[in-house]
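Data first, discussion second: the structure below is written as structure tokens.
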Amino acid sequence: MKAISYAFFVSATEYPKLQAACSGDFPHDYAEYCARMDRSIQDAAADNVVIEKVYVSVEKFLAWCAEANVPPGNLSRARYAAMTGYPWGDT
């Protein structure tokens, strides 16, 4: 049985906004960010876990954080990706 997970992911245009919003969490350039994500997806696949990238609008993510009264950290990004990546989600 395969598990499905969702990964918070942004476009090259959104990446500087993410870096600014999540200070210190994304020290790498966009190419390295993508490479690290792809490695994580490949590693998960070896364990029968399918990870789908959820392309996120940083503006919408930050609005959700404000509404949910949560900081834009790791846990919030994971929750947001899961909520928006699910079939009825909206990025």
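Labels for the structure tokens follow display order: chains A, B, ..., residues from 1 in each chain, ligands from 1.
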With only C-alpha atoms as the counted atoms, please give the residues lying no more than 9 Å from Phe8 (chain A), apart from itself and same-chain residues fewer than 4 positions off, as a list in words.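 In the requested form, the answer reads Glu52, Lys53, Val54, Tyr55, Val56, Arg77, Ala78, Arg79, Tyr80, Ala81, Ala82 and Gly85 of chain A.
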Please save N, CA and C atoms of the selected residues as a compact mmCIF listing (two decimals), in the first residue's frame.
```
# COMPACT_ATOMS: atom_id res chain seq x y z
N GLU A 52 3.28 14.53 -3.50
CA GLU A 52 2.85 15.43 -4.57
C GLU A 52 3.19 16.86 -4.18
N LYS A 53 3.82 17.58 -5.08
CA LYS A 53 4.12 18.99 -4.84
C LYS A 53 2.83 19.79 -4.94
N VAL A 54 2.63 20.65 -3.97
CA VAL A 54 1.49 21.55 -3.97
C VAL A 54 2.05 22.95 -4.20
N TYR A 55 1.78 23.49 -5.39
CA TYR A 55 2.28 24.83 -5.71
C TYR A 55 1.43 25.85 -4.97
N VAL A 56 2.09 26.66 -4.16
CA VAL A 56 1.41 27.55 -3.23
C VAL A 56 1.66 29.01 -3.57
N ARG A 77 3.32 25.16 7.19
CA ARG A 77 3.48 24.86 5.76
C ARG A 77 2.99 23.45 5.45
N ALA A 78 3.28 22.51 6.32
CA ALA A 78 2.82 21.13 6.12
C ALA A 78 1.30 21.05 6.17
N ARG A 79 0.71 21.71 7.15
CA ARG A 79 -0.76 21.70 7.27
C ARG A 79 -1.40 22.34 6.04
N TYR A 80 -0.85 23.46 5.61
CA TYR A 80 -1.42 24.17 4.46
C TYR A 80 -1.31 23.31 3.20
N ALA A 81 -0.17 22.68 3.00
CA ALA A 81 0.00 21.82 1.82
C ALA A 81 -0.99 20.67 1.84
N ALA A 82 -1.19 20.07 3.00
CA ALA A 82 -2.14 18.96 3.10
C ALA A 82 -3.57 19.44 2.81
N GLY A 85 -3.64 20.62 -0.98
CA GLY A 85 -3.30 19.57 -1.92
C GLY A 85 -4.38 18.52 -2.05
```
Residues within 12 Å of His28 (chain A), only C-alpha atoms, excluding chain neighbours under 4 positions, as a VMD selection string: chain A and resid 15 to 16 18 to 19 23 to 24 32 to 37
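DSSP annotation of region 21-54 of chain A from backbone atoms: alpha helix (DSSP H) residues are Ala21, Tyr30, Ala31, Glu32, Tyr33, Cys34, Ala35, Arg36, Met37, Asp38, Arg39, Ser40, Ile41, Gln42, Asp43, Ala44, Ala45 and Ala46 of chain A.
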If we count only C-alpha atoms, what is near Lys2 (chain A) at a cut-off of 9 Å, once residues fewer than 3 positions away on the same chain are taken out, given as a compact mmCIF listing (two decimals) with C-alpha atoms, in the first residue's frame?
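Printed below is around_15.txt as written:
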```txt
# COMPACT_ATOMS: atom_id res chain seq x y z
CA ALA A 45 9.26 6.83 -3.06
CA ASP A 47 9.55 3.77 1.15
CA ASN A 48 6.32 3.54 -0.90
CA VAL A 49 5.30 7.11 -0.12
CA VAL A 50 4.08 9.27 -2.98
```
Could you give me the residues within chain A that DSSP places in strand (DSSP E or B), as a PyMOL selection string? chain A and resi 3-9+49-55
Keeping only N, CA and C atoms, write those residues as a CSV table (one decimal), in the first residue's frame.
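Result file part27.csv:
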```csv
chain,number,residue,atom,x,y,z
A,3,ALA,N,1.4,5.3,0.5
A,3,ALA,CA,0.8,6.5,1.2
A,3,ALA,C,1.0,7.7,0.4
A,4,ILE,N,0.1,8.7,0.5
A,4,ILE,CA,0.3,9.9,-0.3
A,4,ILE,C,0.4,11.1,0.7
A,5,SER,N,1.4,11.9,0.4
A,5,SER,CA,1.6,13.1,1.2
A,5,SER,C,1.7,14.3,0.2
A,6,TYR,N,1.6,15.5,0.8
A,6,TYR,CA,1.7,16.7,0.0
A,6,TYR,C,2.8,17.6,0.5
A,7,ALA,N,3.6,18.1,-0.4
A,7,ALA,CA,4.7,18.9,-0.1
A,7,ALA,C,4.4,20.4,-0.5
A,8,PHE,N,4.6,21.3,0.4
A,8,PHE,CA,4.5,22.7,0.2
A,8,PHE,C,5.6,23.1,-0.8
A,9,PHE,N,5.2,23.7,-1.9
A,9,PHE,CA,6.2,24.0,-3.0
A,9,PHE,C,5.8,25.4,-3.6
A,49,VAL,N,6.0,5.9,-0.4
A,49,VAL,CA,5.3,7.1,-0.1
A,49,VAL,C,5.3,8.0,-1.4
A,50,VAL,N,4.2,8.4,-1.8
A,50,VAL,CA,4.1,9.3,-3.0
A,50,VAL,C,3.9,10.7,-2.4
A,51,ILE,N,4.8,11.6,-2.8
A,51,ILE,CA,4.7,13.0,-2.4
A,51,ILE,C,4.4,13.8,-3.6
A,52,GLU,N,3.3,14.5,-3.5
A,52,GLU,CA,2.9,15.4,-4.6
A,52,GLU,C,3.2,16.9,-4.2
A,53,LYS,N,3.8,17.6,-5.1
A,53,LYS,CA,4.1,19.0,-4.8
A,53,LYS,C,2.8,19.8,-4.9
A,54,VAL,N,2.6,20.6,-4.0
A,54,VAL,CA,1.5,21.6,-4.0
A,54,VAL,C,2.0,22.9,-4.2
A,55,TYR,N,1.8,23.5,-5.4
A,55,TYR,CA,2.3,24.8,-5.7
A,55,TYR,C,1.4,25.9,-5.0
```
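Here the question is which of A:Phe26, A:Met1, A:Thr13, A:Gln42 gets nearest to Asn74 (chain A) using only C-alpha atoms, and that residue is A:Phe26.
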Distance in Å - CA of Ala20 (chain A) versus CA of Thr84 (chain A): 21.6 Å
Selection near Lys17 (chain A), 10 Å with only C-alpha atoms, sequence-local residues under 5 positions removed, as a tab-separated table (two decimals) with N, CA and C atoms, in the first residue's frame:
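Result went into result.tsv, see below:
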```tsv
chain	number	residue	atom	x	y	z
A	10	VAL	N	6.82	26.15	-3.99
A	10	VAL	CA	6.56	27.44	-4.62
A	10	VAL	C	7.34	27.56	-5.92
A	12	ALA	N	9.57	29.76	-8.81
A	12	ALA	CA	10.75	30.63	-8.69
A	12	ALA	C	10.34	32.06	-8.36
A	22	CYS	N	9.51	33.45	5.82
A	22	CYS	CA	9.99	32.39	6.72
A	22	CYS	C	11.49	32.55	6.93
A	23	SER	N	11.83	33.65	7.49
A	23	SER	CA	13.23	34.03	7.67
A	23	SER	C	14.06	32.90	8.28
A	57	SER	N	0.65	29.81	-3.39
A	57	SER	CA	0.79	31.27	-3.41
A	57	SER	C	1.20	31.68	-2.01
A	58	VAL	N	2.34	32.33	-1.88
A	58	VAL	CA	2.81	32.75	-0.56
A	58	VAL	C	1.82	33.74	0.06
A	59	GLU	N	1.27	34.60	-0.74
A	59	GLU	CA	0.29	35.57	-0.24
A	59	GLU	C	-0.92	34.85	0.38
```
Between CA of Ser76 (chain A) and CA of Ile41 (chain A), measure the distance and give it in Å to one decimal.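 Computing the Euclidean distance for CA of Ser76 (chain A) and CA of Ile41 (chain A) yields 19.5 Å.
Going from CA of Trp64 (chain A) to CA of Tyr30 (chain A) covers 23.6 Å.
Of the listed residues A:Ala21, A:Asp38, A:Pro27, A:Ala44, the one whose atoms come nearest to Gly73 (chain A) is A:Ala21, with distances taken using only C-alpha atoms.
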